[in-house]
Amino acid sequence: MSHDSALPVAATGQRTTPEPLYGGTGTGRRVTVRDIAAAKARGEKWPMLTAYDALTAGIFDRAGIPVLLVGDSAAMVVYGHGTTIPVTVDDLIPLTAAVVRGTSRALVVADLPFGSYQASPGAALTAAVRFLKETGAHAVKLEGGQRVAHQVEELVAAGIPVMAHLGLTPQSVNAFGGYRVQGRGEDGERLLHDAKALQTAGAFAVVLECVPTALAARVTEALTIPTIGIGAGPSCDAQVLVWQDMAGLSPRTARFVKKYADLASILGQAATAFAEDVISGAFPDEDHSYR
């Protein structure tokens with residue numbers, strides 16, 4: 001998409017300055033894949049976070065985060081599993097619906113969990129349709145390169161926007177032998193080939209997870225769709241983090257995570273203060289009781 005074609009046109013017929021993806025509030029509508037394509041054309045970087053409930057999603061939405069991902073990372077940060085593999089479509093649907101209900105501007109992307117799309121394009125379509133119809137999600141995400149290109153084509157042909165995911169694809173952790181950097185050496189050429197194949201299949205963006213900075217820069221330069229980095233260096237068009245990692249709630253995080261708060265300590269202190277007030281009789285006091 002060219003920069004000019006992405007510019008909104010006012011009622012007078014004059015082109016107006018496009019609203020930035022991050023922090024924009026003037027359109028009164030949801031962010032769309034068209035807006036994301038226009039941001040790539042402008043060279044504008046933007047943030048993405050995960051979300052799994054209405055209240056947190058609403059905070060991020062009001063903060064101007066343009067894209068929220070209801071990730072299969074919910075398997076770990078919501079349901080307490082050790083990997084993303086156990087989570088199901090039925091597990092993610094109520095979380096996705098809550099995020100959609102809690103937001104008004106962000107484009108909400110639903111992760112297709114392990115086992116819901118690998119078997120065939122038809123299986124992928126069935127799972128994706130459930131997310132769009134039952135939750136109101138605006139797009140879906142799936143993992144893999146050339147091997148899932150037909151799934152991407154099927155979904156895009158049905159009118160479902162698809163975000164792709166390459167590099168360290170957590171659903172394949174058993175095949176990788178653990179959480180390791182991907183795309184070194186000859187594997188880098190394969191990843192670049194996969195990224196181009198996914199773009200050709202119709203993906204509107206591609207997540208690059210745990211790949212060398214130089215490779216991520218090459219992929220970003222080679223594609224007309226935006227790249228979204230997570231442990232992929234600064235050259236990607238966008239960056240995403242799991243919000244519990246970003247906010248210091250997760251007990252262990254990867255090297256690429258920067259903690260912007262210490263919510264674990266804040267919540268622990270609040271719980272301790274509440275408990276001490278209850279034990280001492282200081283809570284509830286007259287201000288927090290009914291006459």
# chains A, B, ... in the order shown; residues from 1 in each chain; ligands from 1

$ select_by_dssp --residues "segment 1-226 of chain A" --states "alpha helix (DSSP H)" --output "PyMOL selection string"
chain A and resi 3-6+33-42+54-62+74-77+89-101+121-135+149-157+173-176+186-201+213-222

$ residues_around --residues "Gln239 of chain A" --least-positions-apart "6" --cutoff "7 Å" --atoms "only C-alpha atoms" --output "ChimeraX atom specification"
/A:46-48,228-230

$ write_last_selection --atoms "N, CA and C atoms" --output "mmCIF file, in the first residue's frame"
data_model
loop_
_atom_site.group_PDB
_atom_site.id
_atom_site.type_symbol
_atom_site.label_atom_id
_atom_site.label_comp_id
_atom_site.auth_asym_id
_atom_site.auth_seq_id
_atom_site.Cartn_x
_atom_site.Cartn_y
_atom_site.Cartn_z
ATOM 1 N N TRP A 46 5.417 1.132 16.332
ATOM 2 C CA TRP A 46 4.266 1.082 17.239
ATOM 3 C C TRP A 46 4.380 -0.104 18.201
ATOM 4 N N PRO A 47 3.686 -0.011 19.354
ATOM 5 C CA PRO A 47 3.760 -1.049 20.371
ATOM 6 C C PRO A 47 2.557 -1.992 20.328
ATOM 7 N N MET A 48 2.776 -3.219 20.765
ATOM 8 C CA MET A 48 1.708 -4.201 20.929
ATOM 9 C C MET A 48 1.920 -4.901 22.266
ATOM 10 N N ILE A 228 6.938 -7.501 13.687
ATOM 11 C CA ILE A 228 6.697 -7.216 15.100
ATOM 12 C C ILE A 228 7.714 -8.020 15.900
ATOM 13 N N GLY A 229 8.623 -7.350 16.542
ATOM 14 C CA GLY A 229 9.709 -8.029 17.214
ATOM 15 C C GLY A 229 9.412 -8.375 18.650
ATOM 16 N N ILE A 230 9.935 -9.522 19.072
ATOM 17 C CA ILE A 230 9.973 -9.891 20.479
ATOM 18 C C ILE A 230 11.283 -10.656 20.659
#

$ select_by_dssp --residues "segment 55-219 of chain A" --states "strand (DSSP E)" --output "list of chain:residue names"
A:Val67, A:Leu68, A:Leu69, A:Val70, A:Leu107, A:Val108, A:Val109, A:Ala110, A:Asp111, A:Ala139, A:Val140, A:Lys141, A:Val162, A:Met163, A:Ala164, A:His165, A:Leu166, A:Gly167, A:Ala205, A:Val206, A:Val207, A:Leu208, A:Glu209

$ residues_around --residues "Val33 of chain A" --least-positions-apart "6" --cutoff "10 Å" --atoms "only C-alpha atoms" --output "PDB file with N, CA and C atoms, in the first residue's frame"
ATOM      1  N   ALA A  39       1.029   2.626   8.506  1.00  0.00           N
ATOM      2  CA  ALA A  39       2.114   2.949   9.431  1.00  0.00           C
ATOM      3  C   ALA A  39       3.448   2.413   8.906  1.00  0.00           C
ATOM      4  N   VAL A  67      -2.672  -2.330  19.128  1.00  0.00           N
ATOM      5  CA  VAL A  67      -2.955  -3.738  18.851  1.00  0.00           C
ATOM      6  C   VAL A  67      -2.763  -4.532  20.133  1.00  0.00           C
ATOM      7  N   LEU A 107      -7.076  -2.936  17.834  1.00  0.00           N
ATOM      8  CA  LEU A 107      -7.326  -4.108  17.015  1.00  0.00           C
ATOM      9  C   LEU A 107      -6.967  -5.324  17.867  1.00  0.00           C
ATOM     10  N   HIS A 138     -10.715  -9.306  15.742  1.00  0.00           N
ATOM     11  CA  HIS A 138     -10.582  -8.669  14.442  1.00  0.00           C
ATOM     12  C   HIS A 138      -9.561  -9.345  13.541  1.00  0.00           C
ATOM     13  N   ALA A 139      -8.767 -10.247  14.105  1.00  0.00           N
ATOM     14  CA  ALA A 139      -7.736 -10.957  13.349  1.00  0.00           C
ATOM     15  C   ALA A 139      -7.301 -12.157  14.167  1.00  0.00           C
ATOM     16  N   PRO A 161      -8.256 -11.463   8.603  1.00  0.00           N
ATOM     17  CA  PRO A 161      -6.875 -10.997   8.642  1.00  0.00           C
ATOM     18  C   PRO A 161      -5.996 -11.939   9.462  1.00  0.00           C
ATOM     19  N   VAL A 162      -4.788 -12.188   8.971  1.00  0.00           N
ATOM     20  CA  VAL A 162      -3.887 -13.140   9.614  1.00  0.00           C
ATOM     21  C   VAL A 162      -2.556 -12.473   9.955  1.00  0.00           C
ATOM     22  N   MET A 163      -2.158 -12.597  11.215  1.00  0.00           N
ATOM     23  CA  MET A 163      -0.826 -12.222  11.669  1.00  0.00           C
ATOM     24  C   MET A 163      -0.007 -13.510  11.755  1.00  0.00           C
ATOM     25  N   PHE A 204      -0.949  -9.983   7.130  1.00  0.00           N
ATOM     26  CA  PHE A 204      -0.845  -8.523   7.200  1.00  0.00           C
ATOM     27  C   PHE A 204       0.313  -8.068   8.082  1.00  0.00           C
ATOM     28  N   ALA A 205       0.925  -9.004   8.822  1.00  0.00           N
ATOM     29  CA  ALA A 205       2.078  -8.694   9.665  1.00  0.00           C
ATOM     30  C   ALA A 205       2.715 -10.013  10.064  1.00  0.00           C
TER      31      ALA A 205
END

$ residues_around --residues "segment 254-267 of chain A" --least-positions-apart "2" --cutoff "12 Å" --atoms "only C-alpha atoms" --output "ChimeraX atom specification"
/A:179-181,209-213,229-234,239-252,269-274

$ write_last_selection --atoms "C-alpha atoms" --output "compact mmCIF listing (two decimals), in the first residue's frame"
# COMPACT_ATOMS: atom_id res chain seq x y z
CA TYR A 179 13.54 -21.96 24.04
CA ARG A 180 16.49 -21.09 21.79
CA VAL A 181 17.41 -18.29 19.41
CA GLU A 209 10.57 -13.99 18.03
CA CYS A 210 14.10 -14.61 19.33
CA VAL A 211 16.00 -14.08 16.09
CA PRO A 212 19.32 -12.27 15.59
CA THR A 213 19.05 -8.51 15.23
CA GLY A 229 9.71 -8.03 17.21
CA ILE A 230 9.97 -9.89 20.48
CA GLY A 231 13.62 -10.52 21.18
CA ALA A 232 14.45 -9.51 17.60
CA GLY A 233 16.24 -6.20 18.05
CA PRO A 234 15.30 -2.59 17.30
CA GLN A 239 7.52 -4.48 19.38
CA VAL A 240 5.40 -6.80 21.53
CA LEU A 241 5.74 -8.12 25.07
CA VAL A 242 3.61 -10.26 27.34
CA TRP A 243 2.12 -7.66 29.66
CA GLN A 244 2.87 -9.57 32.87
CA ASP A 245 6.53 -9.71 31.82
CA MET A 246 6.58 -6.01 30.92
CA ALA A 247 4.99 -5.00 34.23
CA GLY A 248 7.17 -7.15 36.48
CA LEU A 249 4.49 -9.63 37.48
CA SER A 250 6.15 -12.74 36.03
CA PRO A 251 8.70 -14.41 38.34
CA ARG A 252 11.03 -15.35 35.46
CA GLN A 269 2.58 -4.96 49.63
CA ALA A 270 -1.12 -4.25 49.11
CA ALA A 271 -2.09 -7.78 50.17
CA THR A 272 0.11 -7.52 53.28
CA ALA A 273 -1.34 -4.12 54.23
CA PHE A 274 -4.89 -5.45 53.80

$ closest_residue --among "A:Ala51, A:Val148, A:Val31, A:Ala41" --to "Val77 of chain A" --atoms "only C-alpha atoms"
A:Ala51

$ atom_distance --atom1 "atom CA of Thr32 of chain A" --atom2 "atom CA of Val206 of chain A"
15.4 Å

$ atom_distance --atom1 "atom CA of Ala124 of chain A" --atom2 "atom CA of Ile225 of chain A"
21.7 Å

$ residues_around --residues "Phe60 of chain A" --least-positions-apart "6" --cutoff "9 Å" --atoms "only C-alpha atoms" --output "PyMOL selection string"
chain A and resi 49+51+66+68+103+106

$ write_last_selection --atoms "C-alpha atoms" --output "short mmCIF file (atom, residue, chain, number, x, y, z; two decimals), in the first residue's frame"
data_model
loop_
_atom_site.label_atom_id
_atom_site.label_comp_id
_atom_site.auth_asym_id
_atom_site.auth_seq_id
_atom_site.Cartn_x
_atom_site.Cartn_y
_atom_site.Cartn_z
CA LEU A 49 0.89 -5.93 24.21
CA ALA A 51 -4.15 -8.88 27.20
CA PRO A 66 -3.10 0.07 18.98
CA LEU A 68 -3.70 -6.21 21.64
CA THR A 103 -11.72 -2.00 24.48
CA ALA A 106 -7.40 -1.46 19.71
#

$ closest_atom_pairs --of "segment 115-144 of chain A" --to "segment 88-96 of chain A" --cutoff "9 Å" --atoms "only C-alpha atoms" --output "tab-separated table"
residue	atom	partner	partner_atom	distance
A:Gly115	CA	A:Thr88	CA	8.2
A:Ser116	CA	A:Val89	CA	7.3
A:Ala127	CA	A:Val89	CA	7.3
A:Arg130	CA	A:Ile93	CA	8.1
A:Phe131	CA	A:Ile93	CA	6.4
A:Glu134	CA	A:Ile93	CA	7.2
A:Thr135	CA	A:Thr96	CA	5.9
A:Gly136	CA	A:Thr96	CA	8.0
A:Ala137	CA	A:Thr96	CA	6.9

$ write_last_selection --atoms "N, CA, C and O atoms" --output "CSV table (one decimal), in the first residue's frame"
chain,number,residue,atom,x,y,z
A,115,GLY,N,-2.7,-27.2,17.7
A,115,GLY,CA,-3.6,-28.3,17.3
A,115,GLY,C,-4.9,-27.8,16.6
A,115,GLY,O,-5.7,-28.6,16.1
A,116,SER,N,-5.1,-26.5,16.6
A,116,SER,CA,-6.3,-25.9,16.0
A,116,SER,C,-6.3,-25.6,14.6
A,116,SER,O,-7.3,-25.3,13.9
A,127,ALA,N,-11.4,-22.9,13.3
A,127,ALA,CA,-11.0,-22.3,14.5
A,127,ALA,C,-11.1,-20.8,14.4
A,127,ALA,O,-11.6,-20.1,15.3
A,130,ARG,N,-14.6,-19.4,14.6
A,130,ARG,CA,-15.1,-19.4,16.0
A,130,ARG,C,-14.7,-18.1,16.7
A,130,ARG,O,-15.5,-17.5,17.4
A,131,PHE,N,-13.4,-17.7,16.6
A,131,PHE,CA,-12.9,-16.6,17.3
A,131,PHE,C,-13.6,-15.3,16.8
A,131,PHE,O,-14.0,-14.4,17.6
A,134,GLU,N,-17.6,-15.7,17.8
A,134,GLU,CA,-18.0,-15.8,19.2
A,134,GLU,C,-17.3,-14.8,20.1
A,134,GLU,O,-17.8,-14.6,21.3
A,135,THR,N,-16.3,-14.1,19.7
A,135,THR,CA,-15.6,-13.2,20.5
A,135,THR,C,-15.5,-11.8,20.0
A,135,THR,O,-15.3,-10.8,20.7
A,136,GLY,N,-15.7,-11.6,18.7
A,136,GLY,CA,-15.6,-10.3,18.1
A,136,GLY,C,-14.2,-9.9,17.7
A,136,GLY,O,-13.9,-8.7,17.4
A,137,ALA,N,-13.2,-10.9,17.8
A,137,ALA,CA,-11.8,-10.6,17.5
A,137,ALA,C,-11.8,-10.1,16.0
A,137,ALA,O,-12.6,-10.4,15.2

$ atom_distance --atom1 "atom CA of Ala75 of chain A" --atom2 "atom CA of Leu168 of chain A"
16.8 Å

$ closest_residue --among "A:Val100, A:Cys236, A:Leu21, A:Ala37" --to "Thr56 of chain A" --atoms "only C-alpha atoms"
A:Val100

$ closest_residue --among "A:Gln199, A:Ser235, A:Thr83, A:Thr25" --to "Glu221 of chain A" --atoms "only C-alpha atoms"
A:Ser235
